[in-house]
Every structure is written in C-alpha cells, then in structure tokens.
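Containing CSV, N, CA and C atoms: upload.csv.
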chain,number,residue,atom,x,y,z
A,1,MET,N,27.9,-135.9,-14.7
A,1,MET,CA,28.3,-136.1,-13.3
A,1,MET,C,29.5,-135.1,-13.0
A,2,ASP,N,30.4,-135.0,-13.9
A,2,ASP,CA,31.5,-134.1,-13.7
A,2,ASP,C,31.1,-132.7,-13.6
A,3,GLN,N,30.1,-132.3,-14.3
A,3,GLN,CA,29.6,-130.9,-14.2
A,3,GLN,C,28.9,-130.7,-12.9
A,4,THR,N,28.3,-131.7,-12.4
A,4,THR,CA,27.6,-131.6,-11.1
A,4,THR,C,28.7,-131.4,-10.0
A,5,ASN,N,29.7,-132.2,-10.1
A,5,ASN,CA,30.8,-132.1,-9.1
A,5,ASN,C,31.4,-130.7,-9.1
A,6,LYS,N,31.6,-130.1,-10.4
A,6,LYS,CA,32.2,-128.8,-10.5
A,6,LYS,C,31.2,-127.8,-9.9
A,7,LEU,N,29.9,-128.0,-10.1
A,7,LEU,CA,28.9,-127.1,-9.6
A,7,LEU,C,29.0,-127.1,-8.1
A,8,VAL,N,29.0,-128.3,-7.5
A,8,VAL,CA,29.1,-128.4,-6.1
A,8,VAL,C,30.3,-127.8,-5.5
A,9,GLU,N,31.4,-128.0,-6.2
A,9,GLU,CA,32.7,-127.4,-5.8
A,9,GLU,C,32.7,-125.9,-5.8
A,10,ILE,N,32.1,-125.3,-6.9
A,10,ILE,CA,32.0,-123.9,-7.0
A,10,ILE,C,31.1,-123.3,-5.9
A,11,MET,N,30.0,-124.0,-5.6
A,11,MET,CA,29.0,-123.6,-4.5
A,11,MET,C,29.7,-123.7,-3.2
A,12,ALA,N,30.5,-124.7,-3.0
A,12,ALA,CA,31.3,-124.8,-1.7
A,12,ALA,C,32.3,-123.7,-1.6
A,13,GLU,N,33.0,-123.3,-2.6
A,13,GLU,CA,33.9,-122.2,-2.6
A,13,GLU,C,33.1,-120.9,-2.3
A,14,MET,N,32.0,-120.7,-2.9
A,14,MET,CA,31.2,-119.5,-2.7
A,14,MET,C,30.7,-119.5,-1.2
A,15,LEU,N,30.3,-120.6,-0.7
A,15,LEU,CA,29.9,-120.6,0.7
A,15,LEU,C,31.1,-120.3,1.6
A,16,HIS,N,32.2,-120.8,1.3
A,16,HIS,CA,33.4,-120.5,2.1
A,16,HIS,C,33.7,-119.0,2.1
A,17,GLU,N,33.7,-118.4,0.8
A,17,GLU,CA,34.0,-117.0,0.7
A,17,GLU,C,32.9,-116.2,1.4
A,18,GLN,N,31.7,-116.6,1.4
A,18,GLN,CA,30.6,-115.9,2.0
A,18,GLN,C,30.8,-115.9,3.5
A,19,ARG,N,31.2,-117.0,4.1
A,19,ARG,CA,31.5,-117.1,5.5
A,19,ARG,C,32.7,-116.2,5.9
A,20,GLU,N,33.7,-116.2,5.1
A,20,GLU,CA,34.8,-115.3,5.3
A,20,GLU,C,34.4,-113.8,5.3
A,21,MET,N,33.5,-113.5,4.4
A,21,MET,CA,33.1,-112.1,4.3
A,21,MET,C,32.2,-111.8,5.5
A,22,LEU,N,31.4,-112.7,6.0
A,22,LEU,CA,30.6,-112.5,7.2
A,22,LEU,C,31.5,-112.3,8.4
A,23,SER,N,32.5,-113.1,8.5
A,23,SER,CA,33.5,-112.9,9.6
A,23,SER,C,34.1,-111.6,9.5
A,24,GLU,N,34.5,-111.1,8.4
A,24,GLU,CA,35.1,-109.8,8.2
A,24,GLU,C,34.2,-108.7,8.5
A,25,GLN,N,32.9,-108.9,8.1
A,25,GLN,CA,31.9,-107.9,8.4
A,25,GLN,C,31.6,-107.8,9.9
A,26,ARG,N,31.6,-108.9,10.6
A,26,ARG,CA,31.5,-108.9,12.1
A,26,ARG,C,32.6,-108.1,12.7
A,27,GLU,N,33.8,-108.4,12.3
A,27,GLU,CA,35.0,-107.7,12.8
A,27,GLU,C,34.9,-106.2,12.5
A,28,THR,N,34.5,-105.8,11.3
A,28,THR,CA,34.3,-104.4,11.0
A,28,THR,C,33.2,-103.8,11.9
A,29,ASN,N,32.1,-104.5,12.1
A,29,ASN,CA,31.1,-103.9,13.0
A,29,ASN,C,31.6,-103.8,14.4
A,30,ARG,N,32.4,-104.7,14.9
A,30,ARG,CA,32.9,-104.6,16.2
A,30,ARG,C,33.8,-103.4,16.3
A,31,ARG,N,34.7,-103.2,15.3
A,31,ARG,CA,35.6,-102.0,15.3
A,31,ARG,C,34.8,-100.7,15.2
A,32,LEU,N,33.7,-100.7,14.4
A,32,LEU,CA,32.9,-99.5,14.3
A,32,LEU,C,32.2,-99.2,15.6
A,33,GLU,N,31.7,-100.2,16.3
A,33,GLU,CA,31.1,-99.9,17.6
A,33,GLU,C,32.1,-99.3,18.6
A,34,LYS,N,33.3,-99.9,18.5
A,34,LYS,CA,34.4,-99.3,19.4
A,34,LYS,C,34.7,-97.9,19.1
A,35,LEU,N,34.7,-97.5,17.8
A,35,LEU,CA,34.9,-96.2,17.3
A,35,LEU,C,33.8,-95.3,17.8
A,36,GLU,N,32.6,-95.8,17.7
A,36,GLU,CA,31.4,-95.0,18.1
A,36,GLU,C,31.5,-94.7,19.6
A,37,THR,N,31.9,-95.6,20.4
A,37,THR,CA,32.0,-95.4,21.8
A,37,THR,C,33.1,-94.4,22.1
A,38,GLN,N,34.2,-94.5,21.4
A,38,GLN,CA,35.3,-93.5,21.6
A,38,GLN,C,34.9,-92.2,21.2
A,39,MET,N,34.1,-92.1,20.1
A,39,MET,CA,33.6,-90.8,19.6
A,39,MET,C,32.7,-90.1,20.6
A,40,ILE,N,31.8,-90.9,21.3
A,40,ILE,CA,30.9,-90.4,22.3
A,40,ILE,C,31.8,-89.8,23.5
A,41,MET,N,32.8,-90.6,23.9
A,41,MET,CA,33.7,-90.1,25.0
A,41,MET,C,34.4,-88.8,24.6
A,42,ASN,N,34.9,-88.8,23.3
A,42,ASN,CA,35.6,-87.6,22.8
A,42,ASN,C,34.7,-86.4,22.8
A,43,ASN,N,33.5,-86.6,22.3
A,43,ASN,CA,32.5,-85.4,22.3
A,43,ASN,C,32.2,-84.9,23.7
A,44,ALA,N,32.1,-85.8,24.7
A,44,ALA,CA,31.9,-85.4,26.0
A,44,ALA,C,33.1,-84.6,26.6
A,45,ALA,N,34.3,-85.1,26.3
A,45,ALA,CA,35.5,-84.4,26.7
A,45,ALA,C,35.6,-83.0,26.1
A,46,ILE,N,35.2,-82.9,24.8
A,46,ILE,CA,35.3,-81.6,24.1
A,46,ILE,C,34.3,-80.7,24.7
A,47,GLY,N,33.1,-81.2,25.1
A,47,GLY,CA,32.1,-80.3,25.8
A,47,GLY,C,32.7,-79.8,27.1
A,48,GLU,N,33.3,-80.6,27.8
A,48,GLU,CA,33.9,-80.2,29.1
A,48,GLU,C,35.0,-79.1,28.9
A,49,LEU,N,35.9,-79.4,27.9
A,49,LEU,CA,36.9,-78.4,27.5
A,49,LEU,C,36.3,-77.1,27.1
A,50,ARG,N,35.3,-77.1,26.4
A,50,ARG,CA,34.6,-75.9,25.9
A,50,ARG,C,34.1,-75.1,27.1
A,51,ILE,N,33.5,-75.7,28.0
A,51,ILE,CA,33.0,-75.0,29.2
A,51,ILE,C,34.2,-74.4,30.0
A,52,SER,N,35.3,-75.2,30.1
A,52,SER,CA,36.5,-74.7,30.8
A,52,SER,C,37.0,-73.5,30.1
A,53,VAL,N,37.1,-73.5,28.8
A,53,VAL,CA,37.6,-72.3,28.1
A,53,VAL,C,36.7,-71.1,28.3
A,54,MET,N,35.4,-71.3,28.3
A,54,MET,CA,34.5,-70.2,28.5
A,54,MET,C,34.6,-69.6,29.9
A,55,ARG,N,34.8,-70.5,30.9
A,55,ARG,CA,35.1,-70.0,32.3
A,55,ARG,C,36.4,-69.3,32.4
A,56,LEU,N,37.4,-69.8,31.7
A,56,LEU,CA,38.7,-69.1,31.7
A,56,LEU,C,38.6,-67.7,31.1
A,57,ALA,N,37.8,-67.6,30.0
A,57,ALA,CA,37.6,-66.3,29.3
A,57,ALA,C,36.9,-65.4,30.2
A,58,ASP,N,35.9,-65.8,31.0
A,58,ASP,CA,35.3,-65.0,32.0
A,58,ASP,C,36.2,-64.5,33.0
A,59,GLU,N,37.1,-65.3,33.5
A,59,GLU,CA,38.1,-64.9,34.5
A,59,GLU,C,39.1,-63.9,33.9
A,60,ILE,N,39.5,-64.1,32.7
A,60,ILE,CA,40.4,-63.2,32.0
A,60,ILE,C,39.7,-61.8,31.9
A,61,VAL,N,38.5,-61.7,31.6
A,61,VAL,CA,37.8,-60.5,31.6
A,61,VAL,C,37.8,-59.8,32.9
A,62,ILE,N,37.5,-60.6,34.0
A,62,ILE,CA,37.5,-60.0,35.4
A,62,ILE,C,38.9,-59.5,35.7
A,63,ILE,N,39.9,-60.2,35.4
A,63,ILE,CA,41.3,-59.8,35.7
A,63,ILE,C,41.6,-58.5,34.9
A,64,HIS,N,41.2,-58.5,33.7
A,64,HIS,CA,41.5,-57.3,32.9
A,64,HIS,C,40.8,-56.1,33.5
A,65,ASP,N,39.6,-56.3,33.9
A,65,ASP,CA,38.8,-55.2,34.6
A,65,ASP,C,39.5,-54.7,35.8
A,66,HIS,N,40.0,-55.7,36.6
A,66,HIS,CA,40.7,-55.3,37.9
A,66,HIS,C,42.0,-54.5,37.5
A,67,GLU,N,42.7,-55.0,36.5
A,67,GLU,CA,43.9,-54.3,36.1
A,67,GLU,C,43.6,-52.9,35.7
A,68,ARG,N,42.6,-52.7,34.9
A,68,ARG,CA,42.2,-51.4,34.5
A,68,ARG,C,41.9,-50.5,35.7
A,69,ARG,N,41.2,-51.0,36.7
A,69,ARG,CA,40.8,-50.2,37.8
A,69,ARG,C,42.0,-49.8,38.7
A,70,ILE,N,43.0,-50.8,38.8
A,70,ILE,CA,44.2,-50.6,39.5
A,70,ILE,C,45.0,-49.4,38.9
A,71,VAL,N,45.1,-49.5,37.6
A,71,VAL,CA,45.8,-48.4,36.9
A,71,VAL,C,45.2,-47.1,37.1
A,72,GLU,N,43.9,-47.0,37.1
A,72,GLU,CA,43.2,-45.7,37.3
A,72,GLU,C,43.5,-45.3,38.8
A,73,LEU,N,43.4,-46.2,39.7
A,73,LEU,CA,43.7,-45.8,41.1
A,73,LEU,C,45.2,-45.3,41.3
A,74,GLU,N,46.1,-46.0,40.6
A,74,GLU,CA,47.5,-45.6,40.7
A,74,GLU,C,47.7,-44.2,40.1
A,75,LYS,N,47.0,-43.9,39.0
A,75,LYS,CA,47.1,-42.5,38.4
A,75,LYS,C,46.5,-41.5,39.4
A,76,LYS,N,45.5,-41.8,40.1
A,76,LYS,CA,44.9,-40.8,41.1
A,76,LYS,C,45.8,-40.6,42.3
A,77,VAL,N,46.4,-41.7,42.7
A,77,VAL,CA,47.3,-41.6,43.9
A,77,VAL,C,48.6,-40.9,43.6
A,78,ALA,N,49.1,-41.1,42.4
A,78,ALA,CA,50.4,-40.5,42.0
A,78,ALA,C,50.4,-39.1,41.7

Is it possible to give me this structure as structure tokens?
Amino acid sequence: MDQTNKLVEIMAEMLHEQREMLSEQRETNRRLEKLETQMIMNNAAIGELRISVMRLADEIVIIHDHERRIVELEKKVA
C-alpha cells in the first residue's frame, strides 16, 4: 500500500509539473506571436524606408545633374 501511495504521489507531482510546463509553453507561444506581429510591422517599415531611400537617391541624381549644367552655363557666361 505504501508503494501505491508513493506511486500516486509521484504521478501527482508529474501532473503538476506537466501543467506548469503547459502554462509556460502557452506564455512562450503568446510571446512568440507578439514577436511575429512586431516582425511583420518592422518588415513593412523597412520596405517603406527602402523606397524612401531609393526616391532620395533619384532626387540626388537630379540635383547633381542640375549642378553640373549650372556649372557649364556659368563657364559659358563668364
């Protein structure tokens, strides 16, 4: 009978540990979902920044071209 009680006690402890692990796993899953959502938002923001940088680079090229033309005109006028 004593062994049966020990067995029941061990099984009860295992059940308790299993429930704790399940609770921890749920918390980990919740945090992972939150991270996934944040990662999606970050990727979208990075995409927008990339487009902005490309537009800025295009504008810089245009400004550089204008500057080159102005210098040529100034040389002809002077």

Report task. Grab the atom N of Leu32 of chain A to atom C of Glu20 of chain A distance for me, in Å with one decimal place. Result -> 16.0 Å

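Atom CA of Glu36 of chain A lies 22.9 Å from atom CA of Ile51 of chain A.
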
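Coordinates place atom CA of Glu27 of chain A at a distance of 25.1 Å from atom N of Met11 of chain A.
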